[in-house]
Amino acid sequence: MAKLEQLAELVGGEVIGDYDLEISRVAPIDQAQQGDITFVANSKYLSQLAMCQASAVIVTPGTAVDGPSLIVCKNPYLAFAKILSFLQAPKLPVKGVMPGATVSESAEVDAAATIYSGCVVGDRVKIGAGTTLYPGVVVYADVSIGEDCVLHGHSIVREGCQLKNRVILQPAAVIGSDGFGFAPDGSSYYKIPQVGIVVLEDDVEIGACSCVDRAALGVTTIRRGTKLDNLVQIGHNVDLGEDCIIVSQSGIAGSTKIGNHCTFGGQSAAAGHIKIGDNVMIGARGGASSNVDPNQILSGVPLMPHKQWLRATMSLPKLPEMRKEMQKMKKRLDELETLLKENEK
Amino acid sequence: MAKLEQLAELVGGEVIGDYDLEISRVAPIDQAQQGDITFVANSKYLSQLAMCQASAVIVTPGTAVDGPSLIVCKNPYLAFAKILSFLQAPKLPVKGVMPGATVSESAEVDAAATIYSGCVVGDRVKIGAGTTLYPGVVVYADVSIGEDCVLHGHSIVREGCQLKNRVILQPAAVIGSDGFGFAPDGSSYYKIPQVGIVVLEDDVEIGACSCVDRAALGVTTIRRGTKLDNLVQIGHNVDLGEDCIIVSQSGIAGSTKIGNHCTFGGQSAAAGHIKIGDNVMIGARGGASSNVDPNQILSGVPLMPHKQWLRATMSLPKLPEMRKEMQKMKKRLDELETLLKENEK
Amino acid sequence: MAKLEQLAELVGGEVIGDYDLEISRVAPIDQAQQGDITFVANSKYLSQLAMCQASAVIVTPGTAVDGPSLIVCKNPYLAFAKILSFLQAPKLPVKGVMPGATVSESAEVDAAATIYSGCVVGDRVKIGAGTTLYPGVVVYADVSIGEDCVLHGHSIVREGCQLKNRVILQPAAVIGSDGFGFAPDGSSYYKIPQVGIVVLEDDVEIGACSCVDRAALGVTTIRRGTKLDNLVQIGHNVDLGEDCIIVSQSGIAGSTKIGNHCTFGGQSAAAGHIKIGDNVMIGARGGASSNVDPNQILSGVPLMPHKQWLRATMSLPKLPEMRKEMQKMKKRLDELETLLKENEK
């Protein structure tokens with residue numbers, strides 16, 4: 001529960017209407033009730049406000065709305081996220097090491113951290129203040145985990161890997177699994193030991209059942225602010241830049257270097273040992289098989305400008321028809337040529 | 001071990017032959033031995049019966065078979081499944097809360113439930129009669145789990161989610177991971193707290209390492225009888241209908257609504273915020289990028305009728321040849337035009 | 001730390017230079033320092049040696065290098081892997097059953113095995129000498145695990161499955177999840193109990209969050225030496241041959257039989273109930289939908305020779321242009337035909 005004025009301050013916005021309005025909940029525009037705040041980030045949804053019961057609405061400057069009180073700010077979607085965090089995000093209590101957790105005597109766990117039952121924390125591990133390990137988290141030896149991290153149940157961090165601050169692991173995220181490296185030895189394969197580590201920088205989030213492989217030698221790095229969705233694969237020795245978004249079921253093969261502010265759509269991929277520049281956006285199912293210059297929106301296999309890909313795929317269903325058409329045209333050409341030859345005689 | 005008559009009754013079929021025959025095992029037609037029962041669901045496999053040692057066969061009405069006793073019924077495949085369940089499916093004993101499990105004092109676990117060692121059950125969780133949690137299951141606070149559910153090892157259910165009755169989670173299934181939602185804040189991303197839940201209705205099954213994200217606000221719903229294979233991704237706020245089949249490695253993006261009786265083939269996908277009607281079948285690797293009307297069999301990207309897709313993909317390898325052919329035809333056109341102009345002179 | 005002579009002996013190579021040189025570490029060519037050994041498997045990297053600080057280099061016979069001492073052998077990459085294993089791979093200590101592990105009284109765990117805290121080992125399980133179960137591993141009843149296996153944290157093996165010797169499970173690998181089998185019963189689905197098992201033969205490795213489904217009846221088999229990357233799906237009753245490589249996010253559907261020495265690229269797939277011969281290589285995203293003869297390199301959907309696929313995909317972006325071109329040609333044909341008809345008059 002908070003007053004509208006307090007929420008406006010939180011998001012750097014201005015109140016138009018009742019400064020003292022008590023807001024209890026954030027709700028989407030089609031479900032909001034009295035006492036709720038909602039938001040309109042896109043003017044095409046403005047008309048829905050007529051039917052909406054919300055007591056307050058977050059809008060962009062210059063938006064005229066009758067009825068509810070307003071918070072006016074530049075980025076209503078961001079404001080919605082911040083107000084939702086403030087009002088409704090679960091607060092994580094500090095509980096220390098709970099009964100049923102197994103923590104090595106040589107581990108250094110900050111007194112302001114929380115280790116739930118069923119966790120196993122290995123030798124010489126360091127865990128910072130404000131960090132929470134939910135039940136069933138496994139941390140191998142020599143791992144360091146910074147402050148205010150959240151490791152959800154069944155996430156696992158293998159030996160020597162490093163998580164900086166405010167890192168979030170969703171359930172069953174795997175950090176530091178062996179990279180997939182084998183040397184052919186006759187007809188069989190000899191396992192190349194993967195003796196490197198993984199570093200997850202500040203504010204990185206790794207989705208459920210996503211896997212970040214440790215480097216063969218050296219480091220697999222995911223840089224500040226990058227977010228991975230569920231079921232994503234990051235190969236060994238990848239260097240993934242800052243503030244990237246990798247949507248579910250995508251895979252980045254080993255040793256590939258990706259710049260800052262890149263986005264990979266769902267089920268997309270990058271081959272190994274390539275370089276992708278900053279600000280590259282790859283559409284769903286797109287596949288980068290060679291180096292990619294910065295500042296592009298690309299799709300498909302091979303990658304092409306997104307708009308060209310849209311046209312190409314729209315043509316795809318027409319292919320059989322095109323083949324038939326070509327057969328017909330060929331026949332017409334044959335007939336014309338025959339006719340002309342006869343005319344010449 | 002059961003008498004043939006008893007099995008026939010179980011499946012609503014009729015015996016032709018020895019009512020008192022003792023059947024100990026179900027076996028596929030190519031491996032069946034004496035004492036086994038097998039089935040023929042498709043008449044093209046009937047000829048294999050000549051070589052088969054099975055003591056009994058499940059067949060459709062009107063099928064003539066020499067030798068083994070028969071159970072005649074409309075759906076031999078379903079009858080096979082039911083007899084297999086009856087004869088060979090493992091019976092789950094009721095064991096209560098076993099040593100090495102950690103169950104919150106405020107949790108309500110039915111006396112007829114089984115919680116294996118290594119499980120962690122959070123505050124205020126409710127677990128119904130006949131439900132089994134295999135070793136290593138983690139259940140966060142405020143979860144409710146109905147009757148006769150089976151949660152396999154390492155499956156996890158996060159805070160507040162609801163499993164109705166007879167729900168099955170395969171190992172490492174993840175229910176209630178955070179949806180993938182971020183608000184751009186300058187060049188970085190601000191995490192939108194995901195404060196909704198997941199509801200899995202009666203008879204839902206979730207495959208190993210499949211992830212069902214909790215709603216941002218509200219509910220992610222998987223409706224009665226729907227089955228997910230392994231490594232499937234279900235985004236936040238998805239509403240997945242009844243009796244759907246989602247094959248392995250498919251992904252449904254956030255806020256998409258899917259009707260009843262839909263099937264998604266392996267590695268297929270649906271974009272976010274779209275609506276897919278009832279009885280839609282999408283082939284392997286198909287991708288729905290916009291709304292889909294009911295009662296269709298579709299494949300490809302963009303989706304097209306499955307038969308058209310088959311023809312289009314068969315044309316794909318011919319593309320380079322088509323391009324060459326077009327060059328040739330163009331040349332012939334040039335020559336014809338030149339010739340005609342000369343003739344005109 | 002080892003002398004160069006000792007390392008040469010290990011890999012069956014010959015020293016040129018200082019036999020007594022002390023080597024402490026293996027490093028990639030661009031990071032190697034004094035005291036390190038590096039390798040050149042491909043002559044195109046030879047020029048980099050001029051800038052390299054490595055004290056020793058592994059090279060192929062006939063390679064002339066100034067400065068560092070050499071180990072000369074046929075397969076420098078394999079030699080690198082073996083030396084890396086010798087110098088830097090973590091040694092697994094034998095620790096027995098550690099406090100906080102739950103092991104059934106009827107399980108037979110070899111005295112030279114290691115079971116970490118948080119593991120749960122079921123009834124009648126057998127675990128061989130030299131095998132390590134990292135924290136959080138769950139093993140259901142009646143499983144047998146051979147010698148020198150490594151089961152990483154949160155990997156899980158369900159009832160009755162068998163792991164032979166030197167099998168490696170990466171974190172959260174799932175062995176023996178139910179196959180995806182349902183019999184339609186009116187508009188709903190009836191679960192077909194999956195009562196078979198999984199057998200992983202010697203030297204098999206299963207990646208993180210990869211799933212190998214148990215057979216409906218009988219056995220799902222992964223044969224000697226085959227390696228699965230992360231997030232791979234293997235359906236029920238698959239028979240996967242020896243020394244295969246299955247790259248991340250690939251899926252093999254049920255009952256498919258794959259020969260020896262096959263390679264599946266990332267995100268590739270095979271349909272169910274098909275047969276793939278020996279020595280087949282399927283490129284990234286390739287999809288086998290019917291039987292495949294041995295000794296081929298294929299890509300795409302439908303599968304085609306890899307080179308043809310490369311040409312076909314290069315043509316794809318040209319499709320819209322081709323369609324326009326065809327329209328133009330058709331118009332020219334129309335005009336020519338009209339002209340000729342007029343000429344005839």
# chains A, B, ... in the order shown; residues from 1 in each chain; ligands from 1

$ interface_residues --of "chain C" --to "chain A" --cutoff "6 Å" --atoms "only C-alpha atoms" --output "list in words"
Leu78, Ala81, Ser85, Ala89, Asp243, Pro317, Leu319 and Pro320 of chain C

$ write_last_selection --atoms "N, CA and C atoms" --output "tab-separated table (two decimals), in the first residue's frame"
chain	number	residue	atom	x	y	z
C	78	LEU	N	45.11	-34.29	-30.05
C	78	LEU	CA	44.91	-35.38	-29.10
C	78	LEU	C	45.99	-35.34	-28.02
C	81	ALA	N	45.17	-32.77	-25.52
C	81	ALA	CA	44.10	-33.21	-24.61
C	81	ALA	C	44.66	-34.15	-23.54
C	85	SER	N	44.88	-33.41	-19.54
C	85	SER	CA	44.31	-34.33	-18.54
C	85	SER	C	45.33	-34.65	-17.47
C	89	ALA	N	43.66	-31.82	-15.10
C	89	ALA	CA	42.30	-32.28	-14.80
C	89	ALA	C	42.18	-32.54	-13.30
C	243	ASP	N	30.25	-44.14	-30.64
C	243	ASP	CA	31.09	-43.01	-31.07
C	243	ASP	C	30.33	-41.98	-31.89
C	317	PRO	N	17.43	-15.95	-50.19
C	317	PRO	CA	17.19	-14.50	-50.15
C	317	PRO	C	16.82	-13.93	-51.52
C	319	LEU	N	14.71	-15.25	-53.60
C	319	LEU	CA	13.38	-15.71	-54.03
C	319	LEU	C	12.44	-14.57	-54.46
C	320	PRO	N	12.31	-13.52	-53.66
C	320	PRO	CA	11.36	-12.46	-54.06
C	320	PRO	C	11.76	-11.84	-55.40

$ residues_around --residues "Ile71 (chain B)" --least-positions-apart "5" --cutoff "8 Å" --atoms "only C-alpha atoms" --output "list in words"
Leu4, Ala8, Gly13, Glu14, Val15, Ile16, Ala56, Val57, Ile58 and Val59 of chain B

$ closest_residue --among "A:Leu298, A:Leu70, A:Ala64, A:Thr132" --to "Gly96 (chain A)" --atoms "only C-alpha atoms"
A:Thr132

$ residues_around --residues "Ile245 (chain C)" --least-positions-apart "3" --cutoff "9 Å" --atoms "only C-alpha atoms" --output "list of chain:residue names"
C:Thr226, C:Lys227, C:Leu228, C:Asp229, C:His261, C:Cys262, C:Thr263, C:Phe264, C:Gly265

$ write_last_selection --atoms "C-alpha atoms" --output "PDB file, in the first residue's frame"
ATOM      1  CA  THR C 226      28.831 -41.675 -27.730  1.00  0.00           C
ATOM      2  CA  LYS C 227      28.754 -38.088 -26.437  1.00  0.00           C
ATOM      3  CA  LEU C 228      25.682 -35.898 -25.999  1.00  0.00           C
ATOM      4  CA  ASP C 229      25.971 -32.142 -25.567  1.00  0.00           C
ATOM      5  CA  HIS C 261      30.177 -42.685 -35.944  1.00  0.00           C
ATOM      6  CA  CYS C 262      27.282 -40.366 -36.709  1.00  0.00           C
ATOM      7  CA  THR C 263      27.342 -36.648 -35.963  1.00  0.00           C
ATOM      8  CA  PHE C 264      24.307 -34.425 -35.416  1.00  0.00           C
ATOM      9  CA  GLY C 265      24.948 -30.651 -35.558  1.00  0.00           C
TER      10      GLY C 265
END

$ select_by_dssp --residues "region 134-344 of chain B" --states "strand (DSSP E)" --output "PyMOL selection string"
chain B and resi 138-139+144-145+150-151+156-157+162-163+168-169+174-177+182-185+188-191+197-200+205-206+211-213+219-222+227-228+233-234+239-240+245-246+251-252+257-258+263-264+269-270+275-276+280-282+287-288+296-299+304-305

$ atom_distance --atom1 "CA of Ser255 (chain C)" --atom2 "CA of Thr221 (chain C)"
10.3 Å

$ select_by_dssp --residues "region 97-344 of chain A" --states "alpha helix (DSSP H)" --output "PyMOL selection string"
chain A and resi 306-315+319-344

$ atom_distance --atom1 "CA of Glu22 (chain B)" --atom2 "CA of Val219 (chain C)"
25.3 Å

$ residues_around --residues "Gly160 (chain A)" --least-positions-apart "6" --cutoff "10 Å" --atoms "only C-alpha atoms" --output "MDAnalysis selection string"
chainID A and resid 124:125 139:144 176 195:199 214

$ write_last_selection --atoms "N, CA and C atoms" --output "mmCIF file, in the first residue's frame"
data_model
loop_
_atom_site.group_PDB
_atom_site.id
_atom_site.type_symbol
_atom_site.label_atom_id
_atom_site.label_comp_id
_atom_site.auth_asym_id
_atom_site.auth_seq_id
_atom_site.Cartn_x
_atom_site.Cartn_y
_atom_site.Cartn_z
ATOM 1 N N ARG A 124 35.658 -23.777 0.571
ATOM 2 C CA ARG A 124 36.229 -22.467 0.212
ATOM 3 C C ARG A 124 35.287 -21.585 -0.609
ATOM 4 N N VAL A 125 34.010 -21.911 -0.636
ATOM 5 C CA VAL A 125 33.034 -21.063 -1.331
ATOM 6 C C VAL A 125 32.841 -19.766 -0.552
ATOM 7 N N VAL A 139 26.479 -25.830 -4.795
ATOM 8 C CA VAL A 139 27.622 -24.981 -5.152
ATOM 9 C C VAL A 139 28.893 -25.777 -4.893
ATOM 10 N N TYR A 140 29.653 -26.040 -5.950
ATOM 11 C CA TYR A 140 30.887 -26.815 -5.831
ATOM 12 C C TYR A 140 31.980 -25.962 -5.157
ATOM 13 N N ALA A 141 33.113 -26.563 -4.956
ATOM 14 C CA ALA A 141 34.227 -25.902 -4.270
ATOM 15 C C ALA A 141 34.723 -24.672 -5.038
ATOM 16 N N ASP A 142 35.259 -23.720 -4.285
ATOM 17 C CA ASP A 142 36.001 -22.580 -4.830
ATOM 18 C C ASP A 142 35.162 -21.624 -5.677
ATOM 19 N N VAL A 143 33.871 -21.692 -5.507
ATOM 20 C CA VAL A 143 32.985 -20.741 -6.193
ATOM 21 C C VAL A 143 32.912 -19.459 -5.367
ATOM 22 N N SER A 144 32.800 -18.307 -6.059
ATOM 23 C CA SER A 144 32.512 -17.086 -5.304
ATOM 24 C C SER A 144 31.230 -16.452 -5.840
ATOM 25 N N GLY A 176 28.737 -23.747 -15.397
ATOM 26 C CA GLY A 176 30.033 -24.396 -15.296
ATOM 27 C C GLY A 176 30.053 -25.871 -15.659
ATOM 28 N N VAL A 195 39.007 -27.168 -18.038
ATOM 29 C CA VAL A 195 39.588 -26.709 -16.779
ATOM 30 C C VAL A 195 39.416 -25.209 -16.558
ATOM 31 N N GLY A 196 38.696 -24.542 -17.456
ATOM 32 C CA GLY A 196 38.412 -23.119 -17.264
ATOM 33 C C GLY A 196 37.215 -22.909 -16.358
ATOM 34 N N ILE A 197 36.725 -21.674 -16.330
ATOM 35 C CA ILE A 197 35.601 -21.338 -15.448
ATOM 36 C C ILE A 197 34.537 -20.538 -16.210
ATOM 37 N N VAL A 198 33.488 -20.147 -15.468
ATOM 38 C CA VAL A 198 32.470 -19.219 -15.974
ATOM 39 C C VAL A 198 32.457 -18.006 -15.056
ATOM 40 N N VAL A 199 32.380 -16.819 -15.639
ATOM 41 C CA VAL A 199 32.155 -15.601 -14.862
ATOM 42 C C VAL A 199 30.839 -14.963 -15.305
ATOM 43 N N ARG A 214 31.595 -24.194 -18.826
ATOM 44 C CA ARG A 214 32.886 -23.657 -18.418
ATOM 45 C C ARG A 214 33.839 -23.679 -19.618
#

$ decode --residues "region 245-302 of chain B" --atoms "C-alpha atoms" --output "PDB file, in the first residue's frame"
ATOM      1  CA  ILE B 245       0.144 -32.499 -27.038  1.00  0.00           C
ATOM      2  CA  ILE B 246       3.365 -30.453 -27.122  1.00  0.00           C
ATOM      3  CA  VAL B 247       6.287 -32.475 -28.433  1.00  0.00           C
ATOM      4  CA  SER B 248       9.859 -32.053 -27.228  1.00  0.00           C
ATOM      5  CA  GLN B 249      11.860 -28.819 -27.575  1.00  0.00           C
ATOM      6  CA  SER B 250       8.868 -26.718 -28.623  1.00  0.00           C
ATOM      7  CA  GLY B 251       8.326 -23.234 -27.257  1.00  0.00           C
ATOM      8  CA  ILE B 252       5.188 -21.170 -26.687  1.00  0.00           C
ATOM      9  CA  ALA B 253       5.950 -17.494 -26.119  1.00  0.00           C
ATOM     10  CA  GLY B 254       4.276 -15.316 -23.527  1.00  0.00           C
ATOM     11  CA  SER B 255       0.548 -14.431 -23.383  1.00  0.00           C
ATOM     12  CA  THR B 256      -0.388 -16.733 -26.260  1.00  0.00           C
ATOM     13  CA  LYS B 257      -3.739 -18.518 -25.991  1.00  0.00           C
ATOM     14  CA  ILE B 258      -4.046 -22.006 -27.466  1.00  0.00           C
ATOM     15  CA  GLY B 259      -7.351 -23.850 -27.875  1.00  0.00           C
ATOM     16  CA  ASN B 260      -8.251 -27.447 -27.039  1.00  0.00           C
ATOM     17  CA  HIS B 261      -6.983 -30.583 -28.810  1.00  0.00           C
ATOM     18  CA  CYS B 262      -4.010 -28.877 -30.404  1.00  0.00           C
ATOM     19  CA  THR B 263      -0.779 -30.688 -31.267  1.00  0.00           C
ATOM     20  CA  PHE B 264       2.645 -29.096 -31.638  1.00  0.00           C
ATOM     21  CA  GLY B 265       5.314 -31.247 -33.339  1.00  0.00           C
ATOM     22  CA  GLY B 266       8.922 -31.410 -32.163  1.00  0.00           C
ATOM     23  CA  GLN B 267      10.932 -28.141 -32.075  1.00  0.00           C
ATOM     24  CA  SER B 268       7.890 -26.121 -33.136  1.00  0.00           C
ATOM     25  CA  ALA B 269       6.980 -22.708 -31.791  1.00  0.00           C
ATOM     26  CA  ALA B 270       4.319 -20.073 -31.324  1.00  0.00           C
ATOM     27  CA  ALA B 271       5.051 -16.367 -31.057  1.00  0.00           C
ATOM     28  CA  GLY B 272       3.767 -14.349 -28.136  1.00  0.00           C
ATOM     29  CA  HIS B 273       0.388 -12.603 -27.824  1.00  0.00           C
ATOM     30  CA  ILE B 274      -1.368 -14.692 -30.490  1.00  0.00           C
ATOM     31  CA  LYS B 275      -4.476 -16.892 -30.488  1.00  0.00           C
ATOM     32  CA  ILE B 276      -4.559 -20.426 -31.869  1.00  0.00           C
ATOM     33  CA  GLY B 277      -7.942 -22.090 -32.342  1.00  0.00           C
ATOM     34  CA  ASP B 278      -9.073 -25.584 -31.358  1.00  0.00           C
ATOM     35  CA  ASN B 279      -7.897 -28.693 -33.175  1.00  0.00           C
ATOM     36  CA  VAL B 280      -4.858 -27.119 -34.763  1.00  0.00           C
ATOM     37  CA  MET B 281      -1.977 -29.426 -35.584  1.00  0.00           C
ATOM     38  CA  ILE B 282       1.399 -27.806 -36.221  1.00  0.00           C
ATOM     39  CA  GLY B 283       4.104 -29.999 -37.738  1.00  0.00           C
ATOM     40  CA  ALA B 284       7.650 -30.417 -36.464  1.00  0.00           C
ATOM     41  CA  ARG B 285       9.595 -27.100 -36.629  1.00  0.00           C
ATOM     42  CA  GLY B 286       6.437 -25.236 -37.615  1.00  0.00           C
ATOM     43  CA  GLY B 287       6.212 -21.701 -36.281  1.00  0.00           C
ATOM     44  CA  ALA B 288       2.995 -19.768 -35.651  1.00  0.00           C
ATOM     45  CA  SER B 289       3.717 -16.048 -35.917  1.00  0.00           C
ATOM     46  CA  SER B 290       0.130 -14.751 -35.986  1.00  0.00           C
ATOM     47  CA  ASN B 291      -3.372 -15.919 -35.078  1.00  0.00           C
ATOM     48  CA  VAL B 292      -4.389 -19.357 -36.364  1.00  0.00           C
ATOM     49  CA  ASP B 293      -7.971 -20.388 -37.169  1.00  0.00           C
ATOM     50  CA  PRO B 294      -9.221 -23.706 -35.743  1.00  0.00           C
ATOM     51  CA  ASN B 295      -9.264 -27.121 -37.424  1.00  0.00           C
ATOM     52  CA  GLN B 296      -6.135 -26.983 -39.549  1.00  0.00           C
ATOM     53  CA  ILE B 297      -3.004 -29.046 -40.160  1.00  0.00           C
ATOM     54  CA  LEU B 298      -0.149 -26.628 -40.756  1.00  0.00           C
ATOM     55  CA  SER B 299       3.618 -26.651 -41.118  1.00  0.00           C
ATOM     56  CA  GLY B 300       6.547 -24.403 -41.903  1.00  0.00           C
ATOM     57  CA  VAL B 301       7.469 -20.766 -41.361  1.00  0.00           C
ATOM     58  CA  PRO B 302       5.268 -18.992 -42.249  1.00  0.00           C
TER      59      PRO B 302
END
